file model.pdb (PDB, C-alpha atoms, pLDDT in the B column)
MODEL        1
ATOM      1  CA  MET A  28     105.952  99.860 119.688  1.00 46.00           C
ATOM      2  CA  ILE A  29     107.286 103.278 118.837  1.00 53.00           C
ATOM      3  CA  SER A  30     104.089 105.313 118.604  1.00 61.00           C
ATOM      4  CA  GLY A  31     100.326 105.226 118.326  1.00 63.00           C
ATOM      5  CA  THR A  32      97.700 103.349 120.290  1.00 62.00           C
ATOM      6  CA  ALA A  33     100.050 100.457 121.144  1.00 59.00           C
ATOM      7  CA  ARG A  34     102.943 102.714 122.159  1.00 61.00           C
ATOM      8  CA  GLY A  35     105.260 101.153 124.723  1.00 62.00           C
ATOM      9  CA  ARG A  36     104.048  97.586 124.269  1.00 63.00           C
ATOM     10  CA  ARG A  37     106.753  95.002 123.662  1.00 71.00           C
ATOM     11  CA  LEU A  38     106.280  92.529 120.858  1.00 66.00           C
ATOM     12  CA  ARG A  39     107.219  88.868 120.996  1.00 62.00           C
ATOM     13  CA  SER A  40     110.140  87.677 118.911  1.00 70.00           C
ATOM     14  CA  VAL A  41     109.960  84.676 116.627  1.00 62.00           C
ATOM     15  CA  PRO A  42     111.762  81.766 118.347  1.00 61.00           C
ATOM     16  CA  GLY A  43     115.003  80.730 116.664  1.00 58.00           C
ATOM     17  CA  ASP A  44     116.974  82.620 114.041  1.00 59.00           C
ATOM     18  CA  THR A  45     114.718  82.315 111.002  1.00 57.00           C
ATOM     19  CA  THR A  46     113.738  86.002 110.960  1.00 61.00           C
ATOM     20  CA  ARG A  47     115.611  89.292 111.067  1.00 65.00           C
ATOM     21  CA  PRO A  48     113.516  91.787 112.953  1.00 74.00           C
ATOM     22  CA  ILE A  49     113.704  95.447 112.043  1.00 82.00           C
ATOM     23  CA  THR A  50     115.356  97.564 114.734  1.00 84.00           C
ATOM     24  CA  ASP A  51     113.364 100.196 116.595  1.00 86.00           C
ATOM     25  CA  ARG A  52     115.605 102.887 115.082  1.00 91.00           C
ATOM     26  CA  VAL A  53     114.899 101.789 111.508  1.00 93.00           C
ATOM     27  CA  ARG A  54     111.173 101.302 112.164  1.00 91.00           C
ATOM     28  CA  GLU A  55     110.946 104.789 113.675  1.00 92.00           C
ATOM     29  CA  ALA A  56     112.813 106.274 110.694  1.00 95.00           C
ATOM     30  CA  LEU A  57     110.513 104.438 108.277  1.00 96.00           C
ATOM     31  CA  PHE A  58     107.383 105.784 109.928  1.00 95.00           C
ATOM     32  CA  ASN A  59     108.844 109.282 110.133  1.00 95.00           C
ATOM     33  CA  ILE A  60     109.183 109.086 106.332  1.00 96.00           C
ATOM     34  CA  LEU A  61     105.628 107.773 105.893  1.00 96.00           C
ATOM     35  CA  GLY A  62     104.296 110.388 108.292  1.00 93.00           C
ATOM     36  CA  PRO A  63     100.570 110.926 108.751  1.00 94.00           C
ATOM     37  CA  ASP A  64      99.783 109.328 105.367  1.00 96.00           C
ATOM     38  CA  VAL A  65      99.731 105.943 107.108  1.00 97.00           C
ATOM     39  CA  GLN A  66      96.411 106.901 108.737  1.00 96.00           C
ATOM     40  CA  GLY A  67      93.606 105.136 106.910  1.00 97.00           C
ATOM     41  CA  ALA A  68      96.076 103.323 104.629  1.00 98.00           C
ATOM     42  CA  ARG A  69      96.098  99.678 103.572  1.00 98.00           C
ATOM     43  CA  MET A  70      99.401  97.819 103.907  1.00 98.00           C
ATOM     44  CA  LEU A  71     100.762  94.473 102.778  1.00 98.00           C
ATOM     45  CA  ASP A  72     103.536  93.167 105.057  1.00 97.00           C
ATOM     46  CA  LEU A  73     105.300  90.421 103.073  1.00 96.00           C
ATOM     47  CA  PHE A  74     107.632  88.036 104.932  1.00 94.00           C
ATOM     48  CA  ALA A  75     106.022  89.448 108.089  1.00 93.00           C
ATOM     49  CA  GLY A  76     108.250  87.836 110.744  1.00 90.00           C
ATOM     50  CA  THR A  77     107.106  89.349 114.064  1.00 90.00           C
ATOM     51  CA  GLY A  78     104.694  91.665 112.257  1.00 92.00           C
ATOM     52  CA  SER A  79     106.272  94.734 113.851  1.00 92.00           C
ATOM     53  CA  VAL A  80     106.082  96.938 110.736  1.00 95.00           C
ATOM     54  CA  GLY A  81     102.435  96.182 110.036  1.00 96.00           C
ATOM     55  CA  ILE A  82     101.522  96.407 113.716  1.00 94.00           C
ATOM     56  CA  GLU A  83     103.248  99.790 113.933  1.00 95.00           C
ATOM     57  CA  ALA A  84     101.154 100.892 110.937  1.00 96.00           C
ATOM     58  CA  LEU A  85      97.954  99.736 112.664  1.00 96.00           C
ATOM     59  CA  SER A  86      99.023 101.442 115.885  1.00 94.00           C
ATOM     60  CA  ARG A  87      99.442 104.679 113.908  1.00 95.00           C
ATOM     61  CA  GLY A  88      95.989 104.462 112.351  1.00 95.00           C
ATOM     62  CA  ALA A  89      96.293 102.278 109.235  1.00 97.00           C
ATOM     63  CA  ALA A  90      92.887 100.948 108.199  1.00 97.00           C
ATOM     64  CA  HIS A  91      94.083  97.435 107.352  1.00 98.00           C
ATOM     65  CA  VAL A  92      97.252  95.334 107.204  1.00 98.00           C
ATOM     66  CA  THR A  93      97.617  91.948 105.539  1.00 97.00           C
ATOM     67  CA  PHE A  94     100.491  89.942 107.017  1.00 97.00           C
ATOM     68  CA  VAL A  95     101.993  87.153 104.901  1.00 97.00           C
ATOM     69  CA  ASP A  96     104.535  84.605 106.084  1.00 95.00           C
ATOM     70  CA  LEU A  97     105.258  81.056 105.014  1.00 94.00           C
ATOM     71  CA  ASN A  98     106.228  79.557 108.337  1.00 91.00           C
ATOM     72  CA  ARG A  99     104.066  78.573 111.287  1.00 93.00           C
ATOM     73  CA  LEU A 100     106.188  80.203 114.043  1.00 91.00           C
ATOM     74  CA  PRO A 101     106.182  83.720 112.524  1.00 92.00           C
ATOM     75  CA  VAL A 102     102.433  83.460 111.814  1.00 95.00           C
ATOM     76  CA  ALA A 103     101.769  82.438 115.430  1.00 93.00           C
ATOM     77  CA  THR A 104     104.002  85.286 116.609  1.00 93.00           C
ATOM     78  CA  VAL A 105     102.156  87.855 114.458  1.00 94.00           C
ATOM     79  CA  LYS A 106      98.810  86.623 115.815  1.00 96.00           C
ATOM     80  CA  ALA A 107     100.084  86.785 119.423  1.00 94.00           C
ATOM     81  CA  ASN A 108     101.468  90.289 118.870  1.00 94.00           C
ATOM     82  CA  LEU A 109      98.206  91.477 117.322  1.00 96.00           C
ATOM     83  CA  LYS A 110      96.292  90.107 120.304  1.00 94.00           C
ATOM     84  CA  ALA A 111      98.709  91.678 122.805  1.00 92.00           C
ATOM     85  CA  THR A 112      98.304  95.086 121.151  1.00 92.00           C
ATOM     86  CA  GLY A 113      94.537  94.773 120.644  1.00 93.00           C
ATOM     87  CA  LEU A 114      94.908  95.427 116.910  1.00 94.00           C
ATOM     88  CA  GLU A 115      93.422  92.205 115.488  1.00 94.00           C
ATOM     89  CA  ALA A 116      90.376  93.944 114.000  1.00 94.00           C
ATOM     90  CA  GLY A 117      92.391  95.712 111.317  1.00 92.00           C
ATOM     91  CA  ALA A 118      94.506  92.703 110.398  1.00 97.00           C
ATOM     92  CA  GLN A 119      94.442  89.632 108.210  1.00 97.00           C
ATOM     93  CA  VAL A 120      97.167  87.017 108.689  1.00 97.00           C
ATOM     94  CA  TRP A 121      97.848  84.716 105.753  1.00 96.00           C
ATOM     95  CA  GLN A 122     100.120  81.695 106.151  1.00 96.00           C
ATOM     96  CA  GLY A 123     101.591  80.735 102.809  1.00 96.00           C
ATOM     97  CA  ASP A 124     104.135  81.505 100.162  1.00 96.00           C
ATOM     98  CA  ALA A 125     104.495  85.247  99.506  1.00 95.00           C
ATOM     99  CA  PHE A 126     104.881  84.649  95.771  1.00 96.00           C
ATOM    100  CA  ALA A 127     101.689  82.588  95.635  1.00 96.00           C
ATOM    101  CA  PHE A 128      99.934  85.403  97.505  1.00 96.00           C
ATOM    102  CA  LEU A 129     101.147  87.937  94.938  1.00 95.00           C
ATOM    103  CA  GLU A 130      99.744  85.806  92.101  1.00 92.00           C
ATOM    104  CA  ARG A 131      96.228  85.864  93.592  1.00 89.00           C
ATOM    105  CA  THR A 132      93.646  88.392  92.510  1.00 82.00           C
ATOM    106  CA  PRO A 133      93.783  90.950  95.310  1.00 84.00           C
ATOM    107  CA  ALA A 134      90.686  91.700  97.356  1.00 85.00           C
ATOM    108  CA  GLN A 135      91.958  95.251  97.700  1.00 88.00           C
ATOM    109  CA  ALA A 136      94.669  97.573  96.462  1.00 96.00           C
ATOM    110  CA  TYR A 137      97.426  98.431  98.930  1.00 98.00           C
ATOM    111  CA  ASP A 138      98.840 101.872  99.648  1.00 98.00           C
ATOM    112  CA  TYR A 139     102.044 100.385 101.040  1.00 98.00           C
ATOM    113  CA  VAL A 140     103.806  97.091 100.415  1.00 98.00           C
ATOM    114  CA  TYR A 141     106.653  96.228 102.787  1.00 97.00           C
ATOM    115  CA  ILE A 142     109.099  93.562 101.571  1.00 96.00           C
ATOM    116  CA  ALA A 143     111.590  92.211 104.145  1.00 93.00           C
ATOM    117  CA  PRO A 144     112.524  88.669 103.076  1.00 92.00           C
ATOM    118  CA  PRO A 145     115.136  86.319 104.520  1.00 86.00           C
ATOM    119  CA  GLN A 146     118.606  87.677 103.809  1.00 81.00           C
ATOM    120  CA  TYR A 147     121.057  86.717 101.084  1.00 76.00           C
ATOM    121  CA  LYS A 148     118.670  84.688  98.949  1.00 82.00           C
ATOM    122  CA  GLY A 149     117.756  87.277  96.308  1.00 83.00           C
ATOM    123  CA  LEU A 150     114.121  87.085  97.365  1.00 92.00           C
ATOM    124  CA  TRP A 151     113.776  90.855  97.564  1.00 94.00           C
ATOM    125  CA  LYS A 152     114.291  91.249  93.803  1.00 93.00           C
ATOM    126  CA  ARG A 153     111.941  88.387  93.031  1.00 93.00           C
ATOM    127  CA  ALA A 154     109.244  89.879  95.293  1.00 96.00           C
ATOM    128  CA  LEU A 155     109.745  93.384  93.883  1.00 96.00           C
ATOM    129  CA  LEU A 156     109.423  92.090  90.322  1.00 95.00           C
ATOM    130  CA  ALA A 157     106.289  90.122  91.296  1.00 96.00           C
ATOM    131  CA  VAL A 158     104.661  93.235  92.789  1.00 96.00           C
ATOM    132  CA  ASP A 159     105.645  95.213  89.695  1.00 96.00           C
ATOM    133  CA  ALA A 160     104.052  92.567  87.469  1.00 94.00           C
ATOM    134  CA  HIS A 161     100.740  92.933  89.349  1.00 95.00           C
ATOM    135  CA  PRO A 162      99.928  96.653  89.479  1.00 94.00           C
ATOM    136  CA  GLU A 163      96.366  95.791  90.508  1.00 94.00           C
ATOM    137  CA  LEU A 164      97.873  95.162  93.968  1.00 95.00           C
ATOM    138  CA  LEU A 165      98.705  98.855  94.255  1.00 96.00           C
ATOM    139  CA  SER A 166      96.629 101.972  94.782  1.00 96.00           C
ATOM    140  CA  GLU A 167      97.363 104.969  92.542  1.00 94.00           C
ATOM    141  CA  ASP A 168      99.867 106.552  94.935  1.00 94.00           C
ATOM    142  CA  ALA A 169     101.286 103.325  96.354  1.00 97.00           C
ATOM    143  CA  TRP A 170     104.777 102.914  97.703  1.00 98.00           C
ATOM    144  CA  VAL A 171     106.758  99.701  97.889  1.00 98.00           C
ATOM    145  CA  MET A 172     109.479  99.565 100.522  1.00 98.00           C
ATOM    146  CA  VAL A 173     112.245  96.960 100.542  1.00 96.00           C
ATOM    147  CA  GLN A 174     114.355  96.163 103.613  1.00 94.00           C
ATOM    148  CA  ILE A 175     117.660  94.428 102.887  1.00 93.00           C
ATOM    149  CA  HIS A 176     121.229  94.272 104.126  1.00 91.00           C
ATOM    150  CA  PRO A 177     123.333  96.712 102.051  1.00 91.00           C
ATOM    151  CA  VAL A 178     125.513  93.912 100.661  1.00 89.00           C
ATOM    152  CA  GLU A 179     122.384  92.413  99.055  1.00 90.00           C
ATOM    153  CA  MET A 180     121.887  95.473  96.872  1.00 86.00           C
ATOM    154  CA  GLU A 181     122.475  94.666  93.242  1.00 80.00           C
ATOM    155  CA  PRO A 182     120.997  96.212  90.129  1.00 73.00           C
ATOM    156  CA  LEU A 183     118.282  94.556  88.119  1.00 71.00           C
ATOM    157  CA  GLU A 184     119.812  92.546  85.306  1.00 69.00           C
ATOM    158  CA  GLY A 185     119.002  91.710  81.700  1.00 64.00           C
ATOM    159  CA  GLY A 186     115.298  90.920  81.458  1.00 66.00           C
ATOM    160  CA  GLU A 187     114.602  92.202  84.992  1.00 76.00           C
ATOM    161  CA  VAL A 188     112.801  95.458  84.244  1.00 83.00           C
ATOM    162  CA  LEU A 189     110.395  97.408  86.405  1.00 90.00           C
ATOM    163  CA  CYS A 190     107.441  98.627  84.336  1.00 91.00           C
ATOM    164  CA  ASN A 191     105.112  99.941  87.035  1.00 95.00           C
ATOM    165  CA  LEU A 192     107.506 101.019  89.805  1.00 95.00           C
ATOM    166  CA  ALA A 193     110.375 103.495  90.028  1.00 94.00           C
ATOM    167  CA  GLU A 194     112.910 103.869  92.816  1.00 94.00           C
ATOM    168  CA  PHE A 195     112.786 107.307  94.402  1.00 95.00           C
ATOM    169  CA  ASP A 196     114.779 107.041  97.638  1.00 96.00           C
ATOM    170  CA  ARG A 197     117.279 104.967  99.618  1.00 95.00           C
ATOM    171  CA  ARG A 198     118.061 105.213 103.294  1.00 96.00           C
ATOM    172  CA  HIS A 199     120.986 103.445 104.943  1.00 95.00           C
ATOM    173  CA  TYR A 200     120.843 102.657 108.675  1.00 94.00           C
ATOM    174  CA  GLY A 201     123.863 100.595 109.740  1.00 91.00           C
ATOM    175  CA  SER A 202     123.254  97.062 108.475  1.00 91.00           C
ATOM    176  CA  THR A 203     119.834  97.949 107.019  1.00 93.00           C
ATOM    177  CA  LEU A 204     119.052  99.511 103.671  1.00 94.00           C
ATOM    178  CA  LEU A 205     115.533 100.740 102.938  1.00 96.00           C
ATOM    179  CA  ILE A 206     114.717 101.246  99.258  1.00 96.00           C
ATOM    180  CA  PHE A 207     111.550 103.118  98.292  1.00 97.00           C
ATOM    181  CA  TYR A 208     109.619 102.678  95.054  1.00 96.00           C
ATOM    182  CA  GLU A 209     106.542 104.528  93.865  1.00 97.00           C
ATOM    183  CA  ARG A 210     103.895 103.413  91.434  1.00 96.00           C
ATOM    184  CA  LEU A 211     104.185 104.923  87.990  1.00 91.00           C
ATOM    185  CA  TYR A 212     101.170 106.202  86.122  1.00 77.00           C
ATOM    186  CA  ASN A 213     100.946 104.169  82.919  1.00 61.00           C
TER
ENDMDL
END

call {"tool": "encode", "arguments": {"input": "model.pdb", "output": "structure tokens"}}
result
Amino acid sequence: MISGTARGRRLRSVPGDTTRPITDRVREALFNILGPDVQGARMLDLFAGTGSVGIEALSRGAAHVTFVDLNRLPVATVKANLKATGLEAGAQVWQGDAFAFLERTPAQAYDYVYIAPPQYKGLWKRALLAVDAHPELLSEDAWVMVQIHPVEMEPLEGGEVLCNLAEFDRRHYGSTLLIFYERLYN
């Protein structure tokens, strides 16, 4: 972990090559951008992998993080990492399809949604459009952050229109691109 109550603790990796963990450098940059606003916030960590982004948020004082991943190994890894950091109380881990999760009526609105899907499958656009289609998932000042490889970046096409989100920043860190969206007031 970079900072907070779990600072210095190492997280387990997901066995195999099914996930692409965020580097410490990119995670630190992300949380420098979020700053102290993460304290007391609610976050949705889609395609959670190791859970490092959501666990970093909890370590820095987030009130709650929901972790969503389809596969058993990442879910077990997130649970083990939460236990190792002592941050289970502020977490909910949901094993299932991220798109099915986004279709559910949310129990709460999120201040931050982090989307980091498997690479090169176009899932980031599909997830972004699904979040946009369900503004009830988002608090008034919510941000949605997308982590992709820069070569995955492509504009929305034809009928792909964001109605409730607008891009406001991009940050490029080597082979990682972070794209930031904010909720629009409609």

call {"tool": "residues_around", "arguments": {"input": "model.pdb", "residues": "stretch 127-143 of chain A", "least_positions_apart": "3", "cutoff": "9 Å", "atoms": "all atoms listed in the file", "output": "number ranges by chain"}}
result
A: 47, 49, 65, 68-76, 80-81, 92, 95, 121, 123-124, 146, 150-151, 154-155, 157-158, 161-175

call {"tool": "residues_near_point", "arguments": {"input": "model.pdb", "point": "(123.6, 96.2, 103.1)", "cutoff": "7 Å", "atoms": "all atoms listed in the file", "output": "NGL selection string"}}
result
:A and (175-180 or 202-204)

call {"tool": "resolve_selection", "arguments": {"input": "model.pdb", "expression": "the PyMOL selection byres ((chain A and resi 53-64) around 9)", "output": "PyMOL selection string"}}
result
chain A and resi 29-30+49-52+65-68+79-80+83-84+87-89+200+203+205

call {"tool": "atom_distance", "arguments": {"input": "model.pdb", "atom1": "atom CA of A:Cys190", "atom2": "atom CA of A:Asp159"}}
result
6.6 Å

call {"tool": "residues_around", "arguments": {"input": "model.pdb", "residues": "A:Ala193", "least_positions_apart": "2", "cutoff": "7 Å", "atoms": "only C-alpha atoms", "output": "PyMOL selection string"}}
result
chain A and resi 195+208-211

call {"tool": "write_last_selection", "arguments": {"input": "model.pdb", "atoms": "C-alpha atoms", "output": "compact mmCIF listing (two decimals), keeping the file's coordinate frame"}}
result
# COMPACT_ATOMS: atom_id res chain seq x y z
CA PHE A 195 112.79 107.31 94.40
CA TYR A 208 109.62 102.68 95.05
CA GLU A 209 106.54 104.53 93.86
CA ARG A 210 103.90 103.41 91.43
CA LEU A 211 104.18 104.92 87.99

call {"tool": "closest_residue", "arguments": {"input": "model.pdb", "among": "A:Ala103, A:Ile206, A:Leu85, A:Leu114", "to": "A:Lys152", "atoms": "only C-alpha atoms"}}
result
A:Ile206

call {"tool": "atom_distance", "arguments": {"input": "model.pdb", "atom1": "atom CA of A:His91", "atom2": "atom CA of A:Ser40"}}
result
22.1 Å

call {"tool": "residues_around", "arguments": {"input": "model.pdb", "residues": "A:Pro101", "least_positions_apart": "2", "cutoff": "8 Å", "atoms": "only C-alpha atoms", "output": "JSON, numbers by chain"}}
result
{"A": [41, 75, 76, 77, 96, 98, 99, 103, 104, 105]}

call {"tool": "atom_distance", "arguments": {"input": "model.pdb", "atom1": "atom CA of A:Ala107", "atom2": "atom CA of A:Phe126"}}
result
24.2 Å

call {"tool": "closest_residue", "arguments": {"input": "model.pdb", "among": "A:Pro182, A:Pro48, A:Gly78, A:Gly201", "to": "A:Leu109", "atoms": "all atoms listed in the file"}}
result
A:Gly78

call {"tool": "closest_residue", "arguments": {"input": "model.pdb", "among": "A:Ala111, A:Val120, A:Ile82, A:Ala125", "to": "A:Leu97", "atoms": "only C-alpha atoms"}}
result
A:Ala125

call {"tool": "closest_residue", "arguments": {"input": "model.pdb", "among": "A:Val102, A:Arg153, A:Thr112, A:Ala160", "to": "A:Leu183", "atoms": "only C-alpha atoms"}}
result
A:Arg153
